[in-house]
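Shown next: coords_34.txt, containing compact mmCIF, C-alpha atoms.
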# COMPACT_ATOMS: atom_id res chain seq x y z
CA MET A 83 -22.75 25.41 6.18
CA LYS A 84 -22.70 24.19 9.77
CA PHE A 85 -19.59 24.12 11.96
CA SER A 86 -20.16 20.42 12.72
CA LYS A 87 -19.83 19.65 9.01
CA CYS A 88 -16.48 21.44 8.69
CA SER A 89 -13.14 20.57 10.23
CA ALA A 90 -10.00 22.63 10.55
CA THR A 91 -6.35 21.70 10.51
CA CYS A 92 -4.24 23.73 12.94
CA GLY A 93 -0.50 23.97 13.43
CA ALA A 94 1.88 25.64 15.84
CA LYS A 95 5.67 25.79 15.39
CA GLY A 96 8.47 26.45 17.80
CA ASN A 97 10.01 29.89 17.42
CA ASN A 98 13.04 29.68 15.11
CA ARG A 99 12.38 25.92 14.97
CA GLN A 100 13.35 25.53 18.59
CA VAL A 101 12.39 22.39 20.49
CA THR A 102 8.97 22.54 22.14
CA PHE A 103 8.93 19.04 23.69
CA VAL A 104 11.93 17.72 25.60
CA THR A 105 10.74 15.03 27.99
CA ARG A 106 7.88 12.56 28.08
CA ASN A 107 6.20 14.75 30.69
CA ASP A 108 6.08 17.61 28.18
CA TYR A 109 4.09 15.56 25.69
CA VAL A 110 1.77 14.31 28.42
CA ALA A 111 1.18 17.82 29.80
CA TYR A 112 0.29 19.20 26.36
CA LEU A 113 -2.11 16.37 25.54
CA GLU A 114 -3.82 16.56 28.90
CA LYS A 115 -4.47 20.28 28.50
CA LEU A 116 -5.59 19.71 24.91
CA ARG A 117 -8.18 17.27 26.25
CA LEU A 118 -9.39 19.67 28.92
CA TYR A 119 -9.62 22.71 26.66
CA ALA A 120 -11.33 20.65 23.93
CA GLU A 121 -14.02 19.75 26.47
CA GLU A 122 -14.29 23.30 27.77
CA TYR A 123 -14.64 24.91 24.35
CA LYS A 124 -16.62 22.06 22.79
CA VAL A 125 -14.10 21.18 20.10
CA GLN A 126 -13.75 17.63 18.78
CA VAL A 127 -10.20 16.31 18.30
CA HIS A 128 -9.86 13.75 15.49
CA ALA A 129 -6.16 13.57 14.70
CA PHE A 130 -2.93 14.97 16.12
CA VAL A 131 0.81 14.65 16.12
CA LEU A 132 3.29 16.20 18.54
CA MET A 133 6.72 16.58 16.97
CA THR A 134 9.83 17.83 18.74
CA ASN A 135 9.34 21.38 17.45
CA HIS A 136 5.76 21.63 16.23
CA VAL A 137 2.17 20.46 16.65
CA HIS A 138 -0.45 19.55 14.05
CA LEU A 139 -4.13 18.97 14.87
CA LEU A 140 -7.35 18.10 13.01
CA LEU A 141 -10.37 19.55 14.83
CA THR A 142 -14.09 20.12 14.43
CA PRO A 143 -15.62 23.09 16.29
CA THR A 144 -19.22 23.22 17.46
CA THR A 145 -19.11 26.96 18.13
CA GLU A 146 -17.81 29.86 16.08
CA LYS A 147 -14.91 30.70 18.39
CA GLY A 148 -14.18 27.22 19.74
CA ILE A 149 -10.94 26.58 17.87
CA SER A 150 -9.42 29.99 18.46
CA GLN A 151 -10.28 29.78 22.17
CA LEU A 152 -8.76 26.31 22.43
CA MET A 153 -5.56 27.15 20.56
CA GLN A 154 -4.96 30.42 22.37
CA SER A 155 -5.60 28.95 25.81
CA LEU A 156 -3.52 25.86 25.10
CA GLY A 157 -0.65 27.84 23.61
CA SER A 158 -0.51 30.26 26.53
CA TYR A 159 -0.69 27.51 29.13
CA TYR A 160 2.05 25.47 27.52
CA VAL A 161 4.46 28.41 27.30
CA ARG A 162 4.06 28.98 31.04
CA TYR A 163 4.48 25.27 31.75
CA PHE A 164 7.53 24.87 29.49
CA ASN A 165 9.29 27.97 30.79
CA HIS A 166 8.73 26.94 34.40
CA VAL A 167 9.82 23.32 33.98
CA HIS A 168 12.84 24.07 31.80
CA LYS A 169 13.84 27.25 33.62
CA ARG A 170 13.66 29.61 30.67
CA THR A 171 11.89 32.83 29.72
CA GLY A 172 10.46 34.36 26.60
CA THR A 173 8.37 33.18 23.70
CA LEU A 174 8.11 29.57 22.61
CA TRP A 175 5.78 29.54 19.61
CA GLU A 176 6.41 31.18 16.26
CA GLY A 177 3.65 33.78 16.32
CA ARG A 178 -0.04 32.96 16.09
CA TYR A 179 -1.05 29.39 15.31
CA LYS A 180 -1.99 28.68 11.69
CA SER A 181 -5.25 27.10 10.64
CA THR A 182 -7.39 26.41 7.62
CA LEU A 183 -10.86 25.10 7.01
CA VAL A 184 -11.07 21.53 5.68
CA ASP A 185 -13.71 20.03 3.40
CA SER A 186 -14.39 17.02 5.63
CA GLU A 187 -16.29 15.03 3.02
CA ASN A 188 -13.43 15.01 0.51
CA TYR A 189 -10.27 15.82 2.46
CA PHE A 190 -10.69 14.54 6.01
CA LEU A 191 -8.92 11.19 5.65
CA LEU A 192 -6.19 12.72 3.50
CA VAL A 193 -5.40 15.36 6.13
CA SER A 194 -5.55 12.78 8.92
CA ARG A 195 -2.98 10.64 7.09
CA TYR A 196 -0.84 13.71 6.40
CA ILE A 197 -0.77 14.56 10.10
CA GLU A 198 0.04 11.04 11.31
CA LEU A 199 2.76 10.57 8.68
CA ASN A 200 4.73 13.56 9.99
CA PRO A 201 7.23 11.39 11.93
CA VAL A 202 7.83 9.23 8.85
CA ARG A 203 8.49 12.22 6.58
CA ALA A 204 10.87 13.56 9.25
CA ASN A 205 12.74 10.21 9.23
CA ILE A 206 12.11 9.71 12.95
CA VAL A 207 10.38 6.35 12.42
CA SER A 208 9.82 4.10 9.43
CA HIS A 209 6.13 3.57 10.17
CA PRO A 210 3.56 5.75 11.99
CA ALA A 211 2.74 2.88 14.37
CA ASP A 212 6.23 3.28 15.86
CA TYR A 213 5.59 6.86 16.96
CA PRO A 214 3.77 7.16 20.30
CA TRP A 215 2.67 10.80 20.15
CA SER A 216 0.05 10.69 17.41
CA SER A 217 -3.57 9.70 16.90
CA TYR A 218 -2.47 6.78 14.70
CA GLN A 219 -2.24 4.82 17.93
CA GLN A 220 -6.05 4.86 18.17
CA ASN A 221 -7.21 5.36 14.60
CA ALA A 222 -5.16 2.47 13.24
CA VAL A 223 -3.83 0.45 16.19
CA GLY A 224 -6.84 0.60 18.51
CA LYS A 225 -5.21 2.02 21.64
CA GLN A 226 -7.78 4.23 23.31
CA ILE A 227 -6.97 7.94 23.54
CA GLN A 228 -9.54 9.57 25.76
CA MET A 229 -9.77 12.93 24.04
CA LEU A 230 -10.26 11.64 20.47
CA THR A 231 -13.66 11.76 18.78
CA GLU A 232 -14.20 9.55 15.75
CA HIS A 233 -15.33 11.69 12.84
CA ILE A 234 -18.32 10.58 10.75
CA THR A 235 -15.97 10.08 7.78
CA TYR A 236 -13.80 7.74 9.83
CA LEU A 237 -16.85 5.90 11.18
CA ALA A 238 -17.99 5.25 7.61
CA LEU A 239 -14.90 3.09 7.02
CA GLY A 240 -16.55 0.08 8.70
CA SER A 241 -19.31 -1.30 10.88
CA ASN A 242 -17.06 -1.96 13.90
CA SER A 243 -13.77 -0.77 15.39
CA GLU A 244 -11.67 -3.62 14.03
CA GLN A 245 -12.96 -3.11 10.50
CA ARG A 246 -12.44 0.65 10.63
CA GLN A 247 -8.90 0.29 11.95
CA GLU A 248 -8.01 -2.25 9.27
CA ARG A 249 -9.35 -0.10 6.46
CA TYR A 250 -7.69 2.97 7.92
CA ARG A 251 -4.34 1.16 8.03
CA PHE A 252 -4.86 0.17 4.40
CA LEU A 253 -4.91 3.86 3.43
CA PHE A 254 -1.27 4.10 4.54
CA ASN A 255 -0.14 1.48 2.02
CA SER A 256 0.03 4.18 -0.64
CA GLU A 257 1.99 7.41 -0.46
CA ILE A 258 0.31 10.79 -0.49
CA PRO A 259 0.97 12.37 -3.91
CA GLU A 260 3.36 15.31 -3.94
CA LYS A 261 0.62 17.51 -5.36
CA SER A 262 -1.61 16.75 -2.37
CA LEU A 263 1.24 17.33 0.07
CA ALA A 264 1.90 20.73 -1.47
CA GLU A 265 -1.81 21.59 -1.41
CA ILE A 266 -2.11 20.80 2.30
CA ARG A 267 1.07 22.70 3.18
CA ASP A 268 0.14 25.77 1.15
CA SER A 269 -3.40 25.84 2.50
CA THR A 270 -2.22 25.58 6.10
CA ASP A 271 0.67 28.06 5.79
CA LYS A 272 -1.38 30.66 3.91
CA ALA A 273 -4.79 29.97 5.53
CA TRP A 274 -6.48 29.09 2.25
CA VAL A 275 -9.46 26.72 2.42
CA LEU A 276 -8.66 23.07 1.73
CA GLY A 277 -11.45 21.61 -0.38
CA ASN A 278 -12.99 21.32 -3.82
CA ASP A 279 -14.27 24.28 -5.82
CA LYS A 280 -17.86 23.92 -4.61
CA PHE A 281 -16.77 23.92 -0.97
CA LYS A 282 -14.54 26.95 -1.50
CA GLU A 283 -17.40 28.80 -3.20
CA GLN A 284 -19.66 28.09 -0.21
CA VAL A 285 -17.03 29.45 2.18
CA GLU A 286 -16.56 32.58 0.07
CA GLN A 287 -20.32 33.20 0.02
CA LEU A 288 -20.53 32.70 3.77
CA THR A 289 -17.58 34.89 4.72
CA GLY A 290 -17.36 37.36 1.87
CA ARG A 291 -13.65 36.60 1.60
CA ARG A 292 -11.54 34.64 -0.86
CA ALA A 293 -10.99 30.98 -0.02
CA SER A 294 -8.14 30.38 -2.48
CA PRO A 295 -5.48 32.44 -4.26
CA MET A 296 -6.26 34.08 -7.56
CA PRO A 297 -4.54 32.70 -10.66
CA LYS A 298 -1.25 34.45 -11.28
CA GLY A 299 -1.82 37.69 -13.12
CA GLY A 300 -5.59 37.38 -13.16
CA ASP A 301 -7.85 39.21 -15.57
CA ARG A 302 -7.33 42.75 -14.40
CA LYS A 303 -9.96 44.09 -16.79
CA SER A 304 -12.75 41.79 -15.67
CA LYS A 305 -15.54 43.01 -13.40
CA LYS A 306 -14.93 39.99 -11.16
CA PHE A 307 -11.30 41.05 -10.63
CA ARG A 308 -12.23 44.69 -9.95
CA ASP A 309 -14.91 43.62 -7.47
CA ARG A 310 -12.42 41.44 -5.60
CA GLN A 311 -9.92 44.26 -5.44
CA GLY A 312 -12.50 46.27 -3.55
CA GLU A 313 -13.18 43.60 -0.94
CA ASN A 314 -10.28 44.67 1.31
CA ILE A 315 -9.29 41.05 1.78
CA SER A 316 -6.67 40.10 4.36
CA ASP A 317 -4.45 37.37 2.90
CA SER A 318 -3.19 36.56 6.36
CA ASP A 319 -6.55 35.35 7.64
CA PRO A 320 -9.09 34.75 4.82
CA ILE A 321 -11.30 32.50 6.94
CA GLY A 322 -11.15 34.36 10.21
CA LEU A 323 -14.92 34.83 10.30
CA ILE A 324 -15.31 31.08 10.64
CA LEU A 325 -12.49 30.25 13.01
CA ARG A 326 -12.77 33.15 15.44
For this file, produce the structure as structure tokens.
Amino acid sequence: MKFSKCSATCGAKGNNRQVTFVTRNDYVAYLEKLRLYAEEYKVQVHAFVLMTNHVHLLLTPTTEKGISQLMQSLGSYYVRYFNHVHKRTGTLWEGRYKSTLVDSENYFLLVSRYIELNPVRANIVSHPADYPWSSYQQNAVGKQIQMLTEHITYLALGSNSEQRQERYRFLFNSEIPEKSLAEIRDSTDKAWVLGNDKFKEQVEQLTGRRASPMPKGGDRKSKKFRDRQGENISDSDPIGLILR
């Protein structure tokens, strides 16, 4: 499994749900540094949304530590920027950013839609095109955002930009099922891999760690269960070997 064939969805929340973006300059400053750090650490940015109190990104690393380097550098920079501009001190983000590996072949477009629909679910706008601080502006509307890289899955939507944008917009005509919403949220919050069973099995073989939660109860007498109990798995970061 190559890094270029896997994407990751990353999120960072304001501490105690506090506001992390106040003025237009705040959004611009964050995006500009995201662009610079993405170049420095060789990480491709495919989708993003900046909300008033959190950030959600869809990224593809080309190195083992690219995403962690980007997120840590970006988070630290923005805290310094925000505290200086708004004359405050202390923490801004709610602990370490959260991330999970994404099966690009089967989940990429779903996660991209999930990210860009954030402002709609939050009742800020009625349509993602009305929100300026997301990748929908390029992926669906065609406004160029310098830091974005079109993923191979997005490119497969059509033979030219107009066709791809039209077909991408069409995906937003249907709502994301509640089951899929819950799956994305749980995977991101708990750092479980987002993908089908085959993809999860590949990740487990590569990392030696579980990629999804065990069924409730489990078969405590099975050899498989006993073996897993001896793996010393950290539920807080089951895919750290890939993302760090």
### Message
List as a PyMOL selection string the protein and nucleic acid residues near A:Tyr109, meaning an atom at most 12 Å away when all atoms listed in the file are counted, but skip any in the same chain fewer than 6 places from it.
### Response
chain A and resi 101-103+115-116+130-137+160+163-164+214-216
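For the pair atom CA of A:His138 and atom CA of A:Gly240, the interatomic distance is 25.8 Å.
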Please, what is the axis-aligned box for every listed atom of stretch 232-244 of chain A with 4 Å on each side, as centre and edge lengths in Å to one decimal, as AutoDock Vina command-line options?
--center_x -15.5 --center_y 4.0 --center_z 11.4 --size_x 15.6 --size_y 23.3 --size_z 16.7
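Put simply, atom CA of A:Tyr213 is 13.6 Å away from atom CA of A:Arg195.
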Dump as JSON lines the rows for residues of stretch 114-197 of chain A within 9 Å of stretch 258-275 of chain A: closest atom pair and distance in Å with one decimal, all atoms listed in the file counted, ordered by chain and rising residue number.
{"residue": "A:Lys180", "atom": "CA", "partner": "A:Thr270", "partner_atom": "CA", "distance": 6.4}
{"residue": "A:Ser181", "atom": "CA", "partner": "A:Thr270", "partner_atom": "CA", "distance": 5.7}
{"residue": "A:Thr182", "atom": "CA", "partner": "A:Ala273", "partner_atom": "CA", "distance": 4.9}
{"residue": "A:Leu183", "atom": "CA", "partner": "A:Val275", "partner_atom": "CA", "distance": 5.1}
{"residue": "A:Val184", "atom": "CA", "partner": "A:Val275", "partner_atom": "CA", "distance": 6.3}
{"residue": "A:Asp185", "atom": "CA", "partner": "A:Val275", "partner_atom": "CA", "distance": 8.0}
{"residue": "A:Leu192", "atom": "CA", "partner": "A:Ile258", "partner_atom": "CA", "distance": 7.9}
{"residue": "A:Val193", "atom": "CA", "partner": "A:Ile266", "partner_atom": "CA", "distance": 7.4}
{"residue": "A:Arg195", "atom": "CA", "partner": "A:Ile258", "partner_atom": "CA", "distance": 8.3}
{"residue": "A:Tyr196", "atom": "CA", "partner": "A:Ile258", "partner_atom": "CA", "distance": 7.6}
Residues from the last selection, C-alpha atoms, saved as a compact mmCIF listing (two decimals), in the frame of the given file:
# COMPACT_ATOMS: atom_id res chain seq x y z
CA LYS A 180 -1.99 28.68 11.69
CA SER A 181 -5.25 27.10 10.64
CA THR A 182 -7.39 26.41 7.62
CA LEU A 183 -10.86 25.10 7.01
CA VAL A 184 -11.07 21.53 5.68
CA ASP A 185 -13.71 20.03 3.40
CA LEU A 192 -6.19 12.72 3.50
CA VAL A 193 -5.40 15.36 6.13
CA ARG A 195 -2.98 10.64 7.09
CA TYR A 196 -0.84 13.71 6.40
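You will find atom CA of A:Lys225 at 15.7 Å from atom CA of A:Val110.
Every protein, DNA or RNA residue with an atom at most 9 Å from A:Arg117, where all atoms listed in the file count and chain neighbours fewer than 2 positions away do not, is listed here: A:Tyr112, A:Leu113, A:Glu114, A:Lys115, A:Tyr119, A:Ala120, A:Glu121, A:Glu122, A:Val127, A:Gln228, A:Met229, A:Leu230.
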Residues just named, written with C-alpha atoms as a PDB file, in the coordinates of the input:
ATOM      1  CA  TYR A 112       0.290  19.200  26.360  1.00  0.00           C
ATOM      2  CA  LEU A 113      -2.110  16.370  25.540  1.00  0.00           C
ATOM      3  CA  GLU A 114      -3.820  16.560  28.900  1.00  0.00           C
ATOM      4  CA  LYS A 115      -4.470  20.280  28.500  1.00  0.00           C
ATOM      5  CA  TYR A 119      -9.620  22.710  26.660  1.00  0.00           C
ATOM      6  CA  ALA A 120     -11.330  20.650  23.930  1.00  0.00           C
ATOM      7  CA  GLU A 121     -14.020  19.750  26.470  1.00  0.00           C
ATOM      8  CA  GLU A 122     -14.290  23.300  27.770  1.00  0.00           C
ATOM      9  CA  VAL A 127     -10.200  16.310  18.300  1.00  0.00           C
ATOM     10  CA  GLN A 228      -9.540   9.570  25.760  1.00  0.00           C
ATOM     11  CA  MET A 229      -9.770  12.930  24.040  1.00  0.00           C
ATOM     12  CA  LEU A 230     -10.260  11.640  20.470  1.00  0.00           C
TER      13      LEU A 230
END
### Message
Would you pick out the contacts of stretch 250-252 of chain A at 9 Å or less, using all atoms listed in the file, so that residues sharing its chain but fewer than 2 positions from it are not included, and give the list as JSON, numbers by chain?
### Response
{"A": [191, 218, 221, 222, 223, 236, 239, 245, 246, 247, 248, 254, 255, 256]}
### Task
Tell me which of A:Ser241, A:Thr105, A:Gln220, A:Ser194 sits closest to A:Thr91, counting all atoms listed in the file.
A:Ser194
